[in-house]
file query-v2.cif (mmCIF, C-alpha atoms; chains and numbers go by the auth columns)
data_input
#
loop_
_atom_site.group_PDB
_atom_site.id
_atom_site.type_symbol
_atom_site.label_atom_id
_atom_site.label_comp_id
_atom_site.label_asym_id
_atom_site.label_seq_id
_atom_site.Cartn_x
_atom_site.Cartn_y
_atom_site.Cartn_z
_atom_site.B_iso_or_equiv
_atom_site.auth_seq_id
_atom_site.auth_asym_id
ATOM 1 C CA LEU A 1 4.596 -0.190 3.066 0.00 12 A
ATOM 2 C CA ILE A 2 6.977 2.659 3.929 0.00 13 A
ATOM 3 C CA ASP A 3 5.577 4.060 7.199 0.00 14 A
ATOM 4 C CA ASN A 4 3.729 6.975 5.639 0.00 15 A
ATOM 5 C CA THR A 5 0.776 8.394 7.552 0.00 16 A
ATOM 6 C CA ASP A 6 0.519 11.558 5.417 0.00 17 A
ATOM 7 C CA ASP A 7 -2.159 10.092 3.145 0.00 18 A
ATOM 8 C CA HIS A 8 -4.606 12.966 3.103 0.00 19 A
ATOM 9 C CA HIS A 9 -6.998 13.649 0.241 0.00 20 A
ATOM 10 C CA LYS A 10 -4.460 15.857 -1.544 0.00 21 A
ATOM 11 C CA ASN A 11 -2.272 12.787 -2.182 0.00 22 A
ATOM 12 C CA HIS A 12 -4.968 11.144 -4.285 0.00 23 A
ATOM 13 C CA ALA A 13 -6.903 12.064 -7.390 0.00 24 A
ATOM 14 C CA PHE A 14 -9.340 10.514 -9.821 0.00 25 A
ATOM 15 C CA TYR A 15 -9.474 9.979 -13.559 0.00 26 A
ATOM 16 C CA PHE A 16 -12.882 10.683 -15.056 0.00 27 A
ATOM 17 C CA ASP A 17 -13.524 9.709 -18.664 0.00 28 A
ATOM 18 C CA GLY A 18 -17.040 11.130 -18.777 0.00 29 A
ATOM 19 C CA VAL A 19 -18.546 7.864 -17.588 0.00 30 A
ATOM 20 C CA ASN A 20 -16.227 6.063 -15.193 0.00 31 A
ATOM 21 C CA VAL A 21 -14.186 7.279 -12.247 0.00 32 A
ATOM 22 C CA ARG A 22 -10.866 5.595 -11.476 0.00 33 A
ATOM 23 C CA LEU A 23 -8.426 6.230 -8.669 0.00 34 A
ATOM 24 C CA THR A 24 -5.054 7.547 -9.834 0.00 35 A
ATOM 25 C CA PRO A 25 -1.784 6.295 -8.415 0.00 36 A
ATOM 26 C CA ALA A 26 -0.925 8.019 -5.140 0.00 37 A
ATOM 27 C CA PHE A 27 1.685 10.758 -5.183 0.00 38 A
ATOM 28 C CA ASP A 28 3.822 12.660 -2.690 0.00 39 A
ATOM 29 C CA VAL A 29 4.322 9.454 -0.705 0.00 40 A
ATOM 30 C CA LEU A 30 7.357 9.700 1.558 0.00 41 A
ATOM 31 C CA PRO A 31 8.427 7.805 4.670 0.00 42 A
ATOM 32 C CA ILE A 32 7.293 9.823 7.660 0.00 43 A
ATOM 33 C CA GLY A 33 8.872 7.565 10.247 0.00 44 A
ATOM 34 C CA THR A 34 6.274 7.897 12.948 0.00 45 A
ATOM 35 C CA GLY A 35 5.994 4.193 13.689 0.00 46 A
ATOM 36 C CA LEU A 36 2.277 4.813 14.128 0.00 47 A
ATOM 37 C CA LYS A 37 -0.138 2.219 12.878 0.00 48 A
ATOM 38 C CA TYR A 38 -2.813 4.415 11.356 0.00 49 A
ATOM 39 C CA GLN A 39 -3.585 6.271 8.149 0.00 50 A
ATOM 40 C CA GLN A 40 -5.170 9.695 7.827 0.00 51 A
ATOM 41 C CA MET A 41 -7.794 8.296 5.462 0.00 52 A
ATOM 42 C CA GLY A 42 -9.903 5.385 6.533 0.00 53 A
ATOM 43 C CA VAL A 43 -10.196 2.979 3.607 0.00 54 A
ATOM 44 C CA GLY A 44 -11.173 -0.372 5.049 0.00 55 A
ATOM 45 C CA ASP A 45 -13.300 -2.273 7.501 0.00 56 A
ATOM 46 C CA ALA A 46 -10.827 -1.379 10.266 0.00 57 A
ATOM 47 C CA GLY A 47 -11.018 2.355 9.523 0.00 58 A
ATOM 48 C CA HIS A 48 -7.645 4.055 9.829 0.00 59 A
ATOM 49 C CA GLU A 49 -5.653 0.909 10.702 0.00 60 A
ATOM 50 C CA SER A 50 -2.459 0.832 8.659 0.00 61 A
ATOM 51 C CA THR A 51 -2.329 -2.763 7.456 0.00 62 A
ATOM 52 C CA LEU A 52 -2.581 -4.381 4.072 0.00 63 A
ATOM 53 C CA ASP A 53 -5.411 -6.543 5.381 0.00 64 A
ATOM 54 C CA ASN A 54 -7.394 -3.366 6.046 0.00 65 A
ATOM 55 C CA ALA A 55 -6.386 -1.810 2.738 0.00 66 A
ATOM 56 C CA VAL A 56 -7.904 -4.707 0.788 0.00 67 A
ATOM 57 C CA SER A 57 -10.940 -5.245 2.973 0.00 68 A
ATOM 58 C CA ARG A 58 -13.113 -3.095 0.683 0.00 69 A
ATOM 59 C CA VAL A 59 -11.466 -3.571 -2.687 0.00 70 A
ATOM 60 C CA ARG A 60 -14.751 -4.053 -4.521 0.00 71 A
ATOM 61 C CA GLU A 61 -15.839 -0.553 -3.486 0.00 72 A
ATOM 62 C CA PHE A 62 -12.843 0.690 -5.497 0.00 73 A
ATOM 63 C CA GLY A 63 -13.820 -1.384 -8.542 0.00 74 A
ATOM 64 C CA ILE A 64 -11.043 -3.926 -8.080 0.00 75 A
ATOM 65 C CA GLU A 65 -11.551 -7.663 -7.957 0.00 76 A
ATOM 66 C CA ALA A 66 -9.947 -9.474 -5.016 0.00 77 A
ATOM 67 C CA ASP A 67 -7.380 -11.392 -7.071 0.00 78 A
ATOM 68 C CA ARG A 68 -6.387 -8.250 -8.973 0.00 79 A
ATOM 69 C CA ALA A 69 -5.948 -6.406 -5.673 0.00 80 A
ATOM 70 C CA MET A 70 -3.616 -9.149 -4.496 0.00 81 A
ATOM 71 C CA GLU A 71 -1.611 -8.905 -7.739 0.00 82 A
ATOM 72 C CA LEU A 72 -1.314 -5.135 -7.358 0.00 83 A
ATOM 73 C CA MET A 73 -0.209 -5.447 -3.737 0.00 84 A
ATOM 74 C CA ALA A 74 2.433 -7.984 -4.710 0.00 85 A
ATOM 75 C CA GLN A 75 3.711 -5.697 -7.503 0.00 86 A
ATOM 76 C CA VAL A 76 3.877 -2.619 -5.295 0.00 87 A
ATOM 77 C CA SER A 77 5.458 -4.603 -2.475 0.00 88 A
ATOM 78 C CA ALA A 78 8.119 -5.972 -4.814 0.00 89 A
ATOM 79 C CA ALA A 79 8.864 -2.461 -6.074 0.00 90 A
ATOM 80 C CA VAL A 80 9.168 -1.145 -2.523 0.00 91 A
ATOM 81 C CA ASP A 81 11.281 -4.150 -1.586 0.00 92 A
ATOM 82 C CA GLY A 82 13.844 -3.029 -4.172 0.00 93 A
ATOM 83 C CA TRP A 83 13.979 0.543 -2.906 0.00 94 A
ATOM 84 C CA ARG A 84 17.525 0.332 -1.531 0.00 95 A
ATOM 85 C CA MET A 85 19.109 -0.824 -4.804 0.00 96 A
ATOM 86 C CA HIS A 86 17.143 1.802 -6.732 0.00 97 A
ATOM 87 C CA PHE A 87 18.284 4.558 -4.384 0.00 98 A
ATOM 88 C CA GLU A 88 21.909 3.382 -4.541 0.00 99 A
ATOM 89 C CA GLN A 89 21.808 3.275 -8.350 0.00 100 A
ATOM 90 C CA SER A 90 20.247 6.745 -8.349 0.00 101 A
ATOM 91 C CA GLY A 91 23.126 8.184 -6.336 0.00 102 A
ATOM 92 C CA VAL A 92 21.379 8.727 -3.022 0.00 103 A
ATOM 93 C CA HIS A 93 23.974 9.127 -0.272 0.00 104 A
ATOM 94 C CA GLN A 94 24.482 6.099 1.945 0.00 105 A
ATOM 95 C CA VAL A 95 23.778 8.104 5.108 0.00 106 A
ATOM 96 C CA ASP A 96 20.350 9.013 3.701 0.00 107 A
ATOM 97 C CA ILE A 97 19.683 5.418 2.696 0.00 108 A
ATOM 98 C CA GLU A 98 20.501 4.203 6.204 0.00 109 A
ATOM 99 C CA TYR A 99 18.244 6.867 7.699 0.00 110 A
ATOM 100 C CA LEU A 100 15.326 5.851 5.443 0.00 111 A
ATOM 101 C CA ALA A 101 15.953 2.156 6.080 0.00 112 A
ATOM 102 C CA ARG A 102 14.902 2.647 9.709 0.00 113 A
ATOM 103 C CA PHE A 103 11.379 3.320 8.456 0.00 114 A
ATOM 104 C CA ILE A 104 11.080 1.523 5.133 0.00 115 A
ATOM 105 C CA ASP A 105 12.798 -1.648 6.366 0.00 116 A
ATOM 106 C CA SER A 106 11.400 -1.781 9.889 0.00 117 A
ATOM 107 C CA ASN A 107 10.357 -5.295 10.858 0.00 118 A
ATOM 108 C CA GLU A 108 6.686 -4.470 10.469 0.00 119 A
ATOM 109 C CA MET A 109 7.121 -2.992 6.983 0.00 120 A
ATOM 110 C CA VAL A 110 9.233 -5.915 5.773 0.00 121 A
ATOM 111 C CA VAL A 111 6.750 -8.455 7.132 0.00 122 A
ATOM 112 C CA GLN A 112 3.857 -6.737 5.342 0.00 123 A
ATOM 113 C CA ARG A 113 5.805 -6.600 2.050 0.00 124 A
ATOM 114 C CA LYS A 114 6.790 -10.264 2.258 0.00 125 A
ATOM 115 C CA ARG A 115 3.224 -11.290 3.092 0.00 126 A
ATOM 116 C CA ALA A 116 1.904 -9.360 0.095 0.00 127 A
ATOM 117 C CA MET A 117 4.536 -10.758 -2.265 0.00 128 A
ATOM 118 C CA GLY A 118 3.667 -14.259 -1.095 0.00 129 A
ATOM 119 C CA GLY A 119 -0.084 -13.684 -1.440 0.00 130 A
ATOM 120 C CA ASP A 120 -0.563 -14.138 2.300 0.00 131 A
ATOM 121 C CA ILE A 121 -3.117 -11.352 2.862 0.00 132 A
ATOM 122 C CA LYS A 122 -6.251 -12.850 4.338 0.00 133 A
ATOM 123 C CA ALA A 123 -8.642 -9.954 4.813 0.00 134 A
ATOM 124 C CA PRO A 124 -12.154 -11.354 5.308 0.00 135 A
ATOM 125 C CA ALA A 125 -13.594 -9.184 2.534 0.00 136 A
ATOM 126 C CA VAL A 126 -11.010 -10.466 0.062 0.00 137 A
ATOM 127 C CA GLU A 127 -11.802 -14.046 0.977 0.00 138 A
ATOM 128 C CA ARG A 128 -15.552 -13.345 0.620 0.00 139 A
ATOM 129 C CA ALA A 129 -14.990 -11.752 -2.786 0.00 140 A
ATOM 130 C CA ARG A 130 -12.935 -14.738 -3.936 0.00 141 A
ATOM 131 C CA LYS A 131 -15.592 -17.200 -2.792 0.00 142 A
ATOM 132 C CA LYS A 132 -18.324 -15.178 -4.456 0.00 143 A
ATOM 133 C CA ALA A 133 -16.359 -15.098 -7.736 0.00 144 A
ATOM 134 C CA GLN A 134 -15.942 -18.903 -7.604 0.00 145 A
ATOM 135 C CA ARG A 135 -19.672 -19.589 -7.272 0.00 146 A
ATOM 136 C CA PRO A 136 -21.365 -21.013 -10.408 0.00 147 A
#
call {"tool": "encode", "arguments": {"input": "query-v2.cif", "output": "structure tokens"}}
result
Amino acid sequence: LIDNTDDHHKNHAFYFDGVNVRLTPAFDVLPIGTGLKYQQMGVGDAGHESTLDNAVSRVREFGIEADRAMELMAQVSAAVDGWRMHFEQSGVHQVDIEYLARFIDSNEMVVQRKRAMGGDIKAPAVERARKKAQRP
């Protein structure tokens, strides 16, 4: 959502409560500004492709139901969508905001955020999971 391709294994961790393993929130996530459409870590059916459709294509493997994944994507997308106001309120210099906007607000990033906020992610695995959950 911000043009970050620096998503190596050191940006992720796990919680372990003695029984269950859960993925922690990502950290050290900064706009890299490469304009590349890949991630370092392959997480979906399309491997390293940097799209939300790919990110949710294997949600069940991460212990997340399809509808919950869509809710989470919408929440994160809405938070990212408000980045500019947050940065301005936090005193980030306007020149830095304009520099970051080239990456965070590129057409591709904005389209992905808007799609996620509108629930318009149609990854085949998500659709399969939804159909499976609706079966009697």
call {"tool": "atom_distance", "arguments": {"input": "query-v2.cif", "atom1": "CA of Ala66 in chain A", "atom2": "CA of Lys21 in chain A"}}
result
18.3 Å
call {"tool": "atom_distance", "arguments": {"input": "query-v2.cif", "atom1": "CA of Ala57 in chain A", "atom2": "CA of Asp39 in chain A"}}
result
24.1 Å
call {"tool": "residues_around", "arguments": {"input": "query-v2.cif", "residues": "Ala80 in chain A", "least_positions_apart": "4", "cutoff": "7 Å", "atoms": "all atoms listed in the file", "output": "NGL selection string"}}
result
:A and (67 or 70 or 75-76 or 84)
call {"tool": "closest_residue", "arguments": {"input": "query-v2.cif", "among": "A:Asp64, A:Val30, A:Gly130, A:Arg95", "to": "Arg79 in chain A", "atoms": "all atoms listed in the file"}}
result
A:Gly130
call {"tool": "resolve_selection", "arguments": {"input": "query-v2.cif", "expression": "the PyMOL selection byres ((chain A and resi 40) around 9)", "output": "number ranges by chain"}}
result
A: 13, 15, 17-18, 22, 37-39, 41-43
call {"tool": "closest_residue", "arguments": {"input": "query-v2.cif", "among": "A:Gly44, A:Gly29, A:Ser61, A:Gln50", "to": "Ile115 in chain A", "atoms": "only C-alpha atoms"}}
result
A:Gly44
call {"tool": "closest_residue", "arguments": {"input": "query-v2.cif", "among": "A:Leu12, A:Leu34, A:Val121, A:Ala77", "to": "Leu63 in chain A", "atoms": "all atoms listed in the file"}}
result
A:Leu12
call {"tool": "atom_distance", "arguments": {"input": "query-v2.cif", "atom1": "CA of Gly55 in chain A", "atom2": "CA of Glu72 in chain A"}}
result
9.7 Å
call {"tool": "axis_aligned_box", "arguments": {"input": "query-v2.cif", "around": "range 112-124 of chain A", "padding_each_side": "6 Å", "output": "JSON"}}
result
{"center_x": 9.9, "center_y": -2.6, "center_z": 6.5, "size_x": 24.1, "size_y": 23.8, "size_z": 20.8}
call {"tool": "closest_residue", "arguments": {"input": "query-v2.cif", "among": "A:Val32, A:Ala90, A:Ala85, A:Ala24", "to": "Arg126 in chain A", "atoms": "only C-alpha atoms"}}
result
A:Ala85
call {"tool": "closest_residue", "arguments": {"input": "query-v2.cif", "among": "A:Tyr49, A:Trp94, A:Phe73, A:Tyr110", "to": "Thr35 in chain A", "atoms": "all atoms listed in the file"}}
result
A:Phe73
call {"tool": "closest_residue", "arguments": {"input": "query-v2.cif", "among": "A:Lys48, A:Phe98, A:Met81, A:Asp131", "to": "Asp14 in chain A", "atoms": "all atoms listed in the file"}}
result
A:Lys48
